[in-house]
>>> print(open('entry_7.cif').read())   # mmCIF, C-alpha atoms, pLDDT in the B column; chains and numbers go by the auth columns
data_structure
#
loop_
_atom_site.group_PDB
_atom_site.id
_atom_site.type_symbol
_atom_site.label_atom_id
_atom_site.label_comp_id
_atom_site.label_asym_id
_atom_site.label_seq_id
_atom_site.Cartn_x
_atom_site.Cartn_y
_atom_site.Cartn_z
_atom_site.B_iso_or_equiv
_atom_site.auth_seq_id
_atom_site.auth_asym_id
ATOM 1 C CA MET A 1 40.295 -60.585 -42.523 40.00 15 A
ATOM 2 C CA LYS A 2 38.570 -58.532 -39.870 43.00 16 A
ATOM 3 C CA ASN A 3 38.353 -60.245 -36.533 44.00 17 A
ATOM 4 C CA ASP A 4 35.166 -59.003 -34.897 45.00 18 A
ATOM 5 C CA LYS A 5 34.546 -61.806 -32.440 50.00 19 A
ATOM 6 C CA GLN A 6 37.637 -61.565 -30.235 56.00 20 A
ATOM 7 C CA GLU A 7 38.991 -58.958 -27.892 63.00 21 A
ATOM 8 C CA PRO A 8 42.376 -57.478 -28.785 67.00 22 A
ATOM 9 C CA LEU A 9 45.169 -59.478 -27.162 72.00 23 A
ATOM 10 C CA ASP A 10 47.675 -57.940 -24.836 85.00 24 A
ATOM 11 C CA ASP A 11 51.177 -57.573 -26.187 86.00 25 A
ATOM 12 C CA MET A 12 52.653 -60.731 -24.676 89.00 26 A
ATOM 13 C CA ALA A 13 49.719 -62.880 -25.720 91.00 27 A
ATOM 14 C CA PHE A 14 49.848 -61.451 -29.210 91.00 28 A
ATOM 15 C CA GLU A 15 53.578 -62.219 -29.497 93.00 29 A
ATOM 16 C CA ARG A 16 52.859 -65.780 -28.357 93.00 30 A
ATOM 17 C CA GLU A 17 50.193 -66.146 -31.044 92.00 31 A
ATOM 18 C CA VAL A 18 52.611 -64.837 -33.677 94.00 32 A
ATOM 19 C CA ALA A 19 55.326 -67.192 -32.441 95.00 33 A
ATOM 20 C CA MET A 20 52.946 -70.151 -32.638 94.00 34 A
ATOM 21 C CA ALA A 21 51.998 -69.274 -36.207 93.00 35 A
ATOM 22 C CA LEU A 22 55.627 -68.803 -37.217 94.00 36 A
ATOM 23 C CA ALA A 23 56.649 -72.056 -35.529 94.00 37 A
ATOM 24 C CA ARG A 24 54.658 -74.025 -38.050 90.00 38 A
ATOM 25 C CA ALA A 25 57.554 -73.547 -40.473 88.00 39 A
ATOM 26 C CA GLU A 26 59.627 -75.702 -38.108 90.00 40 A
ATOM 27 C CA THR A 27 60.237 -79.164 -39.398 90.00 41 A
ATOM 28 C CA GLN A 28 63.029 -81.687 -39.528 91.00 42 A
ATOM 29 C CA PRO A 29 65.779 -80.241 -41.733 92.00 43 A
ATOM 30 C CA PRO A 30 67.392 -82.357 -44.436 92.00 44 A
ATOM 31 C CA ALA A 31 70.533 -84.211 -43.436 91.00 45 A
ATOM 32 C CA PHE A 32 73.786 -82.365 -43.868 90.00 46 A
ATOM 33 C CA LEU A 33 76.838 -84.432 -44.605 86.00 47 A
ATOM 34 C CA ILE A 34 80.071 -82.801 -43.550 83.00 48 A
ATOM 35 C CA PRO A 35 82.431 -82.943 -46.529 82.00 49 A
ATOM 36 C CA LEU A 36 85.243 -85.419 -46.263 79.00 50 A
ATOM 37 C CA GLU A 37 88.604 -83.825 -45.707 73.00 51 A
ATOM 38 C CA LEU A 38 91.137 -85.479 -47.955 73.00 52 A
ATOM 39 C CA PRO A 39 94.704 -85.121 -46.756 74.00 53 A
ATOM 40 C CA VAL A 40 96.718 -83.217 -49.388 76.00 54 A
ATOM 41 C CA PRO A 41 100.473 -83.858 -49.452 81.00 55 A
ATOM 42 C CA GLU A 42 102.508 -80.717 -48.795 84.00 56 A
ATOM 43 C CA ALA A 43 104.237 -80.933 -52.190 86.00 57 A
ATOM 44 C CA LEU A 44 100.887 -80.930 -53.974 87.00 58 A
ATOM 45 C CA ALA A 45 99.581 -78.068 -51.802 85.00 59 A
ATOM 46 C CA HIS A 46 102.728 -76.089 -52.679 89.00 60 A
ATOM 47 C CA SER A 47 102.141 -76.740 -56.396 91.00 61 A
ATOM 48 C CA ILE A 48 98.510 -75.606 -56.131 89.00 62 A
ATOM 49 C CA ARG A 49 99.607 -72.390 -54.420 90.00 63 A
ATOM 50 C CA GLN A 50 102.180 -71.755 -57.154 93.00 64 A
ATOM 51 C CA VAL A 51 99.581 -72.250 -59.886 94.00 65 A
ATOM 52 C CA GLN A 52 97.139 -69.927 -58.108 92.00 66 A
ATOM 53 C CA LYS A 53 99.853 -67.295 -57.779 93.00 67 A
ATOM 54 C CA ALA A 54 100.683 -67.611 -61.495 94.00 68 A
ATOM 55 C CA MET A 55 97.005 -67.256 -62.394 93.00 69 A
ATOM 56 C CA ASP A 56 96.699 -64.126 -60.255 91.00 70 A
ATOM 57 C CA THR A 57 99.755 -62.637 -61.948 92.00 71 A
ATOM 58 C CA SER A 58 98.370 -63.437 -65.416 92.00 72 A
ATOM 59 C CA ARG A 59 95.044 -61.892 -64.508 90.00 73 A
ATOM 60 C CA SER A 60 96.730 -58.705 -63.298 89.00 74 A
ATOM 61 C CA ALA A 61 98.843 -58.541 -66.470 91.00 75 A
ATOM 62 C CA MET A 62 95.750 -58.983 -68.659 90.00 76 A
ATOM 63 C CA ARG A 63 93.920 -56.267 -66.750 89.00 77 A
ATOM 64 C CA LEU A 64 96.878 -53.932 -67.159 89.00 78 A
ATOM 65 C CA ALA A 65 97.122 -54.698 -70.878 90.00 79 A
ATOM 66 C CA PHE A 66 93.426 -54.046 -71.426 87.00 80 A
ATOM 67 C CA GLY A 67 93.790 -50.836 -69.425 87.00 81 A
ATOM 68 C CA PHE A 68 96.491 -49.626 -71.848 84.00 82 A
ATOM 69 C CA LEU A 69 94.460 -50.625 -74.910 82.00 83 A
ATOM 70 C CA SER A 70 91.237 -48.928 -73.856 75.00 84 A
ATOM 71 C CA MET B 1 88.060 -82.846 -30.047 77.00 28 B
ATOM 72 C CA THR B 2 88.180 -83.099 -33.827 84.00 29 B
ATOM 73 C CA ARG B 3 87.058 -80.229 -36.024 85.00 30 B
ATOM 74 C CA ARG B 4 84.151 -82.326 -37.197 87.00 31 B
ATOM 75 C CA ALA B 5 82.981 -83.065 -33.667 89.00 32 B
ATOM 76 C CA ALA B 6 83.367 -79.413 -32.653 88.00 33 B
ATOM 77 C CA PHE B 7 81.269 -78.361 -35.630 90.00 34 B
ATOM 78 C CA GLU B 8 78.579 -80.889 -34.894 89.00 35 B
ATOM 79 C CA GLN B 9 78.437 -79.803 -31.278 89.00 36 B
ATOM 80 C CA ALA B 10 78.377 -76.094 -32.061 88.00 37 B
ATOM 81 C CA VAL B 11 76.227 -75.825 -35.165 88.00 38 B
ATOM 82 C CA LEU B 12 73.971 -78.800 -35.585 86.00 39 B
ATOM 83 C CA PRO B 13 71.857 -78.145 -32.435 90.00 40 B
ATOM 84 C CA HIS B 14 70.667 -74.977 -34.212 92.00 41 B
ATOM 85 C CA SER B 15 69.717 -76.821 -37.377 93.00 42 B
ATOM 86 C CA ARG B 16 65.957 -76.977 -36.787 94.00 43 B
ATOM 87 C CA GLY B 17 65.606 -73.280 -36.015 95.00 44 B
ATOM 88 C CA LEU B 18 67.990 -72.388 -38.792 96.00 45 B
ATOM 89 C CA TYR B 19 65.992 -74.401 -41.302 96.00 46 B
ATOM 90 C CA ALA B 20 62.719 -72.762 -40.194 96.00 47 B
ATOM 91 C CA PHE B 21 64.369 -69.328 -40.505 96.00 48 B
ATOM 92 C CA ILE B 22 65.445 -70.208 -44.044 96.00 49 B
ATOM 93 C CA ARG B 23 61.928 -71.427 -44.845 95.00 50 B
ATOM 94 C CA HIS B 24 60.628 -68.014 -43.809 94.00 51 B
ATOM 95 C CA MET B 25 63.293 -66.284 -45.881 93.00 52 B
ATOM 96 C CA ASN B 26 62.918 -68.345 -49.030 91.00 53 B
ATOM 97 C CA ARG B 27 60.562 -71.279 -48.989 89.00 54 B
ATOM 98 C CA ARG B 28 61.054 -72.381 -52.561 88.00 55 B
ATOM 99 C CA GLU B 29 64.793 -73.070 -52.325 91.00 56 B
ATOM 100 C CA CYS B 30 65.062 -73.720 -48.596 93.00 57 B
ATOM 101 C CA ASP B 31 66.733 -77.120 -48.927 94.00 58 B
ATOM 102 C CA ASP B 32 69.496 -75.809 -51.187 94.00 59 B
ATOM 103 C CA ILE B 33 70.001 -72.696 -49.064 95.00 60 B
ATOM 104 C CA TYR B 34 70.222 -74.819 -45.926 96.00 61 B
ATOM 105 C CA GLN B 35 72.939 -76.991 -47.453 95.00 62 B
ATOM 106 C CA GLU B 36 74.833 -73.948 -48.765 95.00 63 B
ATOM 107 C CA THR B 37 74.611 -72.320 -45.348 95.00 64 B
ATOM 108 C CA LEU B 38 76.000 -75.291 -43.468 95.00 65 B
ATOM 109 C CA LEU B 39 78.715 -75.797 -46.062 94.00 66 B
ATOM 110 C CA ALA B 40 79.776 -72.154 -45.717 94.00 67 B
ATOM 111 C CA ALA B 41 79.611 -72.510 -41.933 93.00 68 B
ATOM 112 C CA TRP B 42 81.809 -75.606 -42.116 92.00 69 B
ATOM 113 C CA GLU B 43 84.363 -73.797 -44.275 90.00 70 B
ATOM 114 C CA GLY B 44 84.442 -70.715 -42.067 90.00 71 B
ATOM 115 C CA PHE B 45 84.115 -72.481 -38.757 88.00 72 B
ATOM 116 C CA ASP B 46 87.754 -71.964 -37.744 85.00 73 B
ATOM 117 C CA SER B 47 87.466 -68.191 -38.043 83.00 74 B
ATOM 118 C CA LEU B 48 84.772 -68.089 -35.378 79.00 75 B
ATOM 119 C CA LYS B 49 86.266 -67.881 -31.896 77.00 76 B
ATOM 120 C CA ASP B 50 83.476 -66.372 -29.822 82.00 77 B
ATOM 121 C CA PRO B 51 80.743 -68.921 -28.974 81.00 78 B
ATOM 122 C CA GLU B 52 78.324 -66.051 -28.253 83.00 79 B
ATOM 123 C CA ALA B 53 78.669 -64.820 -31.825 87.00 80 B
ATOM 124 C CA ARG B 54 77.957 -68.236 -33.252 88.00 81 B
ATOM 125 C CA ARG B 55 74.188 -68.009 -33.695 92.00 82 B
ATOM 126 C CA PRO B 56 74.007 -64.549 -35.298 94.00 83 B
ATOM 127 C CA TRP B 57 76.936 -65.555 -37.520 94.00 84 B
ATOM 128 C CA LEU B 58 75.175 -68.724 -38.625 94.00 85 B
ATOM 129 C CA TYR B 59 71.842 -67.002 -39.268 96.00 86 B
ATOM 130 C CA GLY B 60 73.700 -64.198 -41.033 96.00 87 B
ATOM 131 C CA ILE B 61 75.175 -66.712 -43.472 96.00 88 B
ATOM 132 C CA ALA B 62 71.698 -68.135 -44.046 96.00 89 B
ATOM 133 C CA ARG B 63 70.319 -64.660 -44.737 96.00 90 B
ATOM 134 C CA HIS B 64 73.057 -63.983 -47.294 95.00 91 B
ATOM 135 C CA LYS B 65 72.449 -67.315 -49.016 95.00 92 B
ATOM 136 C CA ALA B 66 68.686 -66.706 -49.073 94.00 93 B
ATOM 137 C CA MET B 67 69.218 -63.253 -50.582 92.00 94 B
ATOM 138 C CA ASP B 68 71.516 -64.747 -53.222 91.00 95 B
ATOM 139 C CA ALA B 69 68.819 -67.275 -54.055 91.00 96 B
ATOM 140 C CA HIS B 70 66.189 -64.511 -54.214 86.00 97 B
ATOM 141 C CA ARG B 71 68.313 -62.687 -56.746 86.00 98 B
ATOM 142 C CA ARG B 72 68.482 -65.824 -58.839 83.00 99 B
ATOM 143 C CA GLN B 73 64.755 -66.441 -58.727 76.00 100 B
ATOM 144 C CA TYR B 74 61.994 -64.884 -60.698 60.00 101 B
ATOM 145 C CA ARG B 75 60.434 -61.970 -58.887 51.00 102 B
ATOM 146 C CA ARG B 76 57.114 -63.263 -57.730 49.00 103 B
ATOM 147 C CA GLU B 77 55.196 -63.352 -54.483 52.00 104 B
ATOM 148 C CA GLU B 78 55.812 -66.290 -52.176 50.00 105 B
ATOM 149 C CA SER B 79 52.619 -68.218 -51.477 51.00 106 B
ATOM 150 C CA TRP B 80 53.514 -68.888 -47.868 51.00 107 B
ATOM 151 C CA PRO B 81 50.143 -69.735 -46.342 49.00 108 B
ATOM 152 C CA GLU B 82 49.144 -71.982 -49.226 50.00 109 B
ATOM 153 C CA ASP B 83 52.242 -74.071 -48.701 50.00 110 B
ATOM 154 C CA VAL B 84 51.506 -74.632 -45.016 47.00 111 B
ATOM 155 C CA PRO B 85 49.645 -77.928 -44.600 44.00 112 B
ATOM 156 C CA GLN B 86 45.984 -77.028 -44.344 41.00 113 B
ATOM 157 C CA ALA B 87 45.395 -79.731 -41.727 39.00 114 B
ATOM 158 C CA GLY B 88 47.382 -77.528 -39.359 39.00 115 B
ATOM 159 C CA PHE B 89 44.552 -74.989 -39.284 39.00 116 B
ATOM 160 C CA GLU B 90 41.910 -77.428 -38.079 41.00 117 B
ATOM 161 C CA GLY B 91 40.661 -76.698 -34.619 43.00 118 B
ATOM 162 C CA HIS B 92 42.453 -73.372 -34.398 44.00 119 B
ATOM 163 C CA SER B 93 40.717 -70.166 -33.471 47.00 120 B
ATOM 164 C CA THR B 94 39.561 -67.629 -36.007 48.00 121 B
ATOM 165 C CA LEU B 95 42.409 -65.464 -34.751 50.00 122 B
ATOM 166 C CA ARG B 96 44.999 -68.031 -35.838 47.00 123 B
ATOM 167 C CA LEU B 97 43.649 -68.180 -39.365 49.00 124 B
ATOM 168 C CA ASP B 98 43.547 -64.418 -39.615 77.00 125 B
ATOM 169 C CA LEU B 99 47.041 -64.205 -38.200 88.00 126 B
ATOM 170 C CA ASP B 100 48.338 -66.616 -40.818 88.00 127 B
ATOM 171 C CA GLN B 101 46.804 -64.503 -43.534 88.00 128 B
ATOM 172 C CA ALA B 102 48.249 -61.350 -42.013 90.00 129 B
ATOM 173 C CA LEU B 103 51.704 -62.941 -41.703 92.00 130 B
ATOM 174 C CA SER B 104 51.583 -63.991 -45.341 90.00 131 B
ATOM 175 C CA THR B 105 51.362 -60.338 -46.374 90.00 132 B
ATOM 176 C CA LEU B 106 54.702 -59.532 -44.720 93.00 133 B
ATOM 177 C CA LYS B 107 57.955 -59.521 -46.617 93.00 134 B
ATOM 178 C CA ASP B 108 59.948 -62.728 -46.203 92.00 135 B
ATOM 179 C CA GLU B 109 62.717 -60.890 -44.349 94.00 136 B
ATOM 180 C CA ASP B 110 60.246 -59.325 -41.928 95.00 137 B
ATOM 181 C CA ARG B 111 58.644 -62.674 -41.154 95.00 138 B
ATOM 182 C CA ALA B 112 62.119 -64.148 -40.625 96.00 139 B
ATOM 183 C CA LEU B 113 63.007 -61.267 -38.292 96.00 140 B
ATOM 184 C CA LEU B 114 59.921 -61.914 -36.182 97.00 141 B
ATOM 185 C CA TYR B 115 60.839 -65.592 -36.072 96.00 142 B
ATOM 186 C CA LEU B 116 64.304 -64.751 -34.708 96.00 143 B
ATOM 187 C CA VAL B 117 62.945 -62.452 -32.007 96.00 144 B
ATOM 188 C CA PHE B 118 59.786 -64.295 -30.967 96.00 145 B
ATOM 189 C CA ASN B 119 60.733 -67.927 -31.561 95.00 146 B
ATOM 190 C CA GLN B 120 64.500 -68.093 -31.280 95.00 147 B
ATOM 191 C CA GLY B 121 64.890 -65.639 -28.435 94.00 148 B
ATOM 192 C CA PHE B 122 67.306 -63.359 -30.258 96.00 149 B
ATOM 193 C CA THR B 123 67.851 -59.986 -28.622 95.00 150 B
ATOM 194 C CA TYR B 124 67.387 -56.932 -30.825 96.00 151 B
ATOM 195 C CA LYS B 125 71.185 -56.689 -30.965 95.00 152 B
ATOM 196 C CA THR B 126 71.852 -60.266 -32.116 95.00 153 B
ATOM 197 C CA ALA B 127 68.859 -60.196 -34.476 96.00 154 B
ATOM 198 C CA GLY B 128 70.364 -57.051 -35.980 96.00 155 B
ATOM 199 C CA GLU B 129 73.707 -58.817 -36.422 95.00 156 B
ATOM 200 C CA ALA B 130 72.019 -61.738 -38.162 95.00 157 B
ATOM 201 C CA MET B 131 69.843 -59.535 -40.369 96.00 158 B
ATOM 202 C CA GLY B 132 72.536 -56.954 -41.113 95.00 159 B
ATOM 203 C CA ILE B 133 70.614 -54.028 -39.651 95.00 160 B
ATOM 204 C CA PRO B 134 71.171 -51.809 -36.589 96.00 161 B
ATOM 205 C CA GLU B 135 69.672 -52.760 -33.230 96.00 162 B
ATOM 206 C CA GLY B 136 67.431 -49.683 -33.216 96.00 163 B
ATOM 207 C CA THR B 137 66.038 -50.607 -36.618 96.00 164 B
ATOM 208 C CA VAL B 138 65.179 -54.088 -35.355 96.00 165 B
ATOM 209 C CA LYS B 139 63.338 -52.608 -32.417 96.00 166 B
ATOM 210 C CA SER B 140 61.312 -50.158 -34.492 97.00 167 B
ATOM 211 C CA ARG B 141 60.654 -52.736 -37.206 97.00 168 B
ATOM 212 C CA VAL B 142 59.357 -55.338 -34.773 96.00 169 B
ATOM 213 C CA PHE B 143 57.105 -52.710 -33.232 96.00 170 B
ATOM 214 C CA ALA B 144 55.835 -51.614 -36.654 96.00 171 B
ATOM 215 C CA LEU B 145 55.288 -55.210 -37.768 96.00 172 B
ATOM 216 C CA LYS B 146 53.233 -56.027 -34.686 94.00 173 B
ATOM 217 C CA LYS B 147 51.175 -52.924 -35.249 92.00 174 B
ATOM 218 C CA ARG B 148 50.680 -53.825 -38.890 91.00 175 B
ATOM 219 C CA LEU B 149 49.629 -57.381 -38.072 92.00 176 B
ATOM 220 C CA ARG B 150 47.111 -56.131 -35.529 89.00 177 B
ATOM 221 C CA ALA B 151 45.782 -53.628 -38.048 87.00 178 B
ATOM 222 C CA LEU B 152 45.431 -56.313 -40.698 86.00 179 B
ATOM 223 C CA MET B 153 43.505 -58.390 -38.210 85.00 180 B
ATOM 224 C CA GLY B 154 41.196 -55.473 -37.576 79.00 181 B
ATOM 225 C CA GLU B 155 42.237 -54.986 -33.960 67.00 182 B
ATOM 226 C CA GLN B 156 43.351 -51.418 -34.394 55.00 183 B
ATOM 227 C CA GLU B 157 43.813 -48.799 -37.066 49.00 184 B
ATOM 228 C CA GLU B 158 47.162 -48.727 -38.802 50.00 185 B
ATOM 229 C CA ASN B 159 48.594 -45.224 -38.791 51.00 186 B
ATOM 230 C CA PRO B 160 50.594 -44.156 -41.826 47.00 187 B
#
>>> encode(input="entry_7.cif", output="structure tokens")
Amino acid sequence: MKNDKQEPLDDMAFEREVAMALARAETQPPAFLIPLELPVPEALAHSIRQVQKAMDTSRSAMRLAFGFLS
Amino acid sequence: MTRRAAFEQAVLPHSRGLYAFIRHMNRRECDDIYQETLLAAWEGFDSLKDPEARRPWLYGIARHKAMDAHRRQYRREESWPEDVPQAGFEGHSTLRLDLDQALSTLKDEDRALLYLVFNQGFTYKTAGEAMGIPEGTVKSRVFALKKRLRALMGEQEENP
């Protein structure tokens, strides 16, 4: 590991050497496909929101019930 | 401009650097983390108004995803230099080889931090935003890392 043959580099040169070593991780990234956005009718979106709200309420009720039991 | 076009224009030019950053953070699952990062960026794209904040925000997502992946993985040392194509070392100076070895001893996050500052031109402030640490910590960590690398290469003594 010891590097006897070379003079210590100045700070800028050393940073450049580090950058060059780190740059070898650079390569073409895999393709990213942006997800398709499917249009959701407002009635369906409203239904989904209602179901989510009901689930949240049930979850809170369950938590409360378990709180009383324990 | 459509949302899709705006996203492509704003985010995809950073994809190469982002992918390299992720490779430094977590080489084993870099492809999955990259996809998760861009998906999260796509979903949260509307919340980002300031173009200046875009890069640290994007790299911050990548860091979170890489940390999540780390938690899922077995705890074992990354074999970073062994994974680098060995042909890349041919013709390089002794210093380069030693530097690679020294870099491989750093923690993944520290190597990624150096990549942001030295390769991607992040300021200490924006690097801190991306890495979730204060600006002053970035500054002192970069200084300490350089000192450590030099010490590992036998250029100077590393003080405790």
>>> closest_atom_pairs(input="entry_7.cif", of="chain B", to="chain A", cutoff="7 Å", atoms="only C-alpha atoms", output="JSON lines")
{"residue": "B:Ser42", "atom": "CA", "partner": "A:Pro43", "partner_atom": "CA", "distance": 6.8}
{"residue": "B:Arg43", "atom": "CA", "partner": "A:Pro43", "partner_atom": "CA", "distance": 5.9}
{"residue": "B:Gly44", "atom": "CA", "partner": "A:Glu40", "partner_atom": "CA", "distance": 6.8}
{"residue": "B:Tyr46", "atom": "CA", "partner": "A:Pro43", "partner_atom": "CA", "distance": 5.9}
{"residue": "B:Ala47", "atom": "CA", "partner": "A:Glu40", "partner_atom": "CA", "distance": 4.7}
{"residue": "B:Arg50", "atom": "CA", "partner": "A:Ala39", "partner_atom": "CA", "distance": 6.5}
{"residue": "B:Asp58", "atom": "CA", "partner": "A:Pro44", "partner_atom": "CA", "distance": 6.9}
{"residue": "B:Gln62", "atom": "CA", "partner": "A:Phe46", "partner_atom": "CA", "distance": 6.5}
{"residue": "B:Leu122", "atom": "CA", "partner": "A:Asn17", "partner_atom": "CA", "distance": 6.8}
{"residue": "B:Asp125", "atom": "CA", "partner": "A:Met15", "partner_atom": "CA", "distance": 5.8}
{"residue": "B:Asp127", "atom": "CA", "partner": "A:Ala35", "partner_atom": "CA", "distance": 6.5}
{"residue": "B:Tyr142", "atom": "CA", "partner": "A:Leu36", "partner_atom": "CA", "distance": 6.2}
{"residue": "B:Phe145", "atom": "CA", "partner": "A:Ala33", "partner_atom": "CA", "distance": 5.5}
{"residue": "B:Asn146", "atom": "CA", "partner": "A:Ala33", "partner_atom": "CA", "distance": 5.5}
{"residue": "B:Leu179", "atom": "CA", "partner": "A:Met15", "partner_atom": "CA", "distance": 6.9}
{"residue": "B:Met180", "atom": "CA", "partner": "A:Lys16", "partner_atom": "CA", "distance": 5.2}
{"residue": "B:Gly181", "atom": "CA", "partner": "A:Lys16", "partner_atom": "CA", "distance": 4.6}
{"residue": "B:Glu182", "atom": "CA", "partner": "A:Pro22", "partner_atom": "CA", "distance": 5.7}
>>> atom_distance(input="entry_7.cif", atom1="CA of Ile60 in chain B", atom2="CA of Ala96 in chain B")
7.5 Å
>>> resolve_selection(input="entry_7.cif", expression="the PyMOL selection byres ((chain B and resi 51) around 8)", output="number ranges by chain")
A: 39; B: 47-50, 52-54, 135-136, 138-139
>>> atom_distance(input="entry_7.cif", atom1="CA of Arg31 in chain B", atom2="CA of Glu56 in chain B")
26.3 Å
>>> axis_aligned_box(input="entry_7.cif", around="range 23-35 of chain A", padding_each_side="5 Å", output="AutoDock Vina command-line options")
--center_x 50.2 --center_y -63.9 --center_z -30.4 --size_x 20.2 --size_y 22.6 --size_z 21.5
>>> residues_around(input="entry_7.cif", residues="range 151-164 of chain B", least_positions_apart="6", cutoff="10 Å", atoms="all atoms listed in the file", output="list in words")
Glu79, Ala80, Arg82, Pro83, Trp84, Leu85, Tyr86, Gly87, Ile88, Ala89, Arg90, His91, Glu136, Asp137, Ala139, Leu140, Leu141, Tyr142, Leu143, Val144 and Phe170 of chain B
>>> resolve_selection(input="entry_7.cif", expression="the PyMOL selection byres ((chain B and resi 35) around 12)", output="compact mmCIF listing (two decimals) with C-alpha atoms, keeping the file's coordinate frame")
# COMPACT_ATOMS: atom_id res chain seq x y z
CA PHE A 46 73.79 -82.36 -43.87
CA LEU A 47 76.84 -84.43 -44.60
CA ILE A 48 80.07 -82.80 -43.55
CA MET B 28 88.06 -82.85 -30.05
CA THR B 29 88.18 -83.10 -33.83
CA ARG B 30 87.06 -80.23 -36.02
CA ARG B 31 84.15 -82.33 -37.20
CA ALA B 32 82.98 -83.06 -33.67
CA ALA B 33 83.37 -79.41 -32.65
CA PHE B 34 81.27 -78.36 -35.63
CA GLN B 36 78.44 -79.80 -31.28
CA ALA B 37 78.38 -76.09 -32.06
CA VAL B 38 76.23 -75.82 -35.16
CA LEU B 39 73.97 -78.80 -35.58
CA PRO B 40 71.86 -78.14 -32.44
CA HIS B 41 70.67 -74.98 -34.21
CA SER B 42 69.72 -76.82 -37.38
CA LEU B 65 76.00 -75.29 -43.47
CA ALA B 68 79.61 -72.51 -41.93
CA TRP B 69 81.81 -75.61 -42.12
CA PHE B 72 84.12 -72.48 -38.76
>>> closest_residue(input="entry_7.cif", among="B:Lys134, B:Arg55, B:Arg81, B:Lys76", to="Arg99 in chain B", atoms="only C-alpha atoms")
B:Arg55
>>> atom_distance(input="entry_7.cif", atom1="CA of Glu63 in chain B", atom2="CA of Arg98 in chain B")
15.3 Å
>>> closest_residue(input="entry_7.cif", among="B:Leu75, B:Ala67, B:Ala171, B:Cys57", to="Leu133 in chain B", atoms="all atoms listed in the file")
B:Ala171
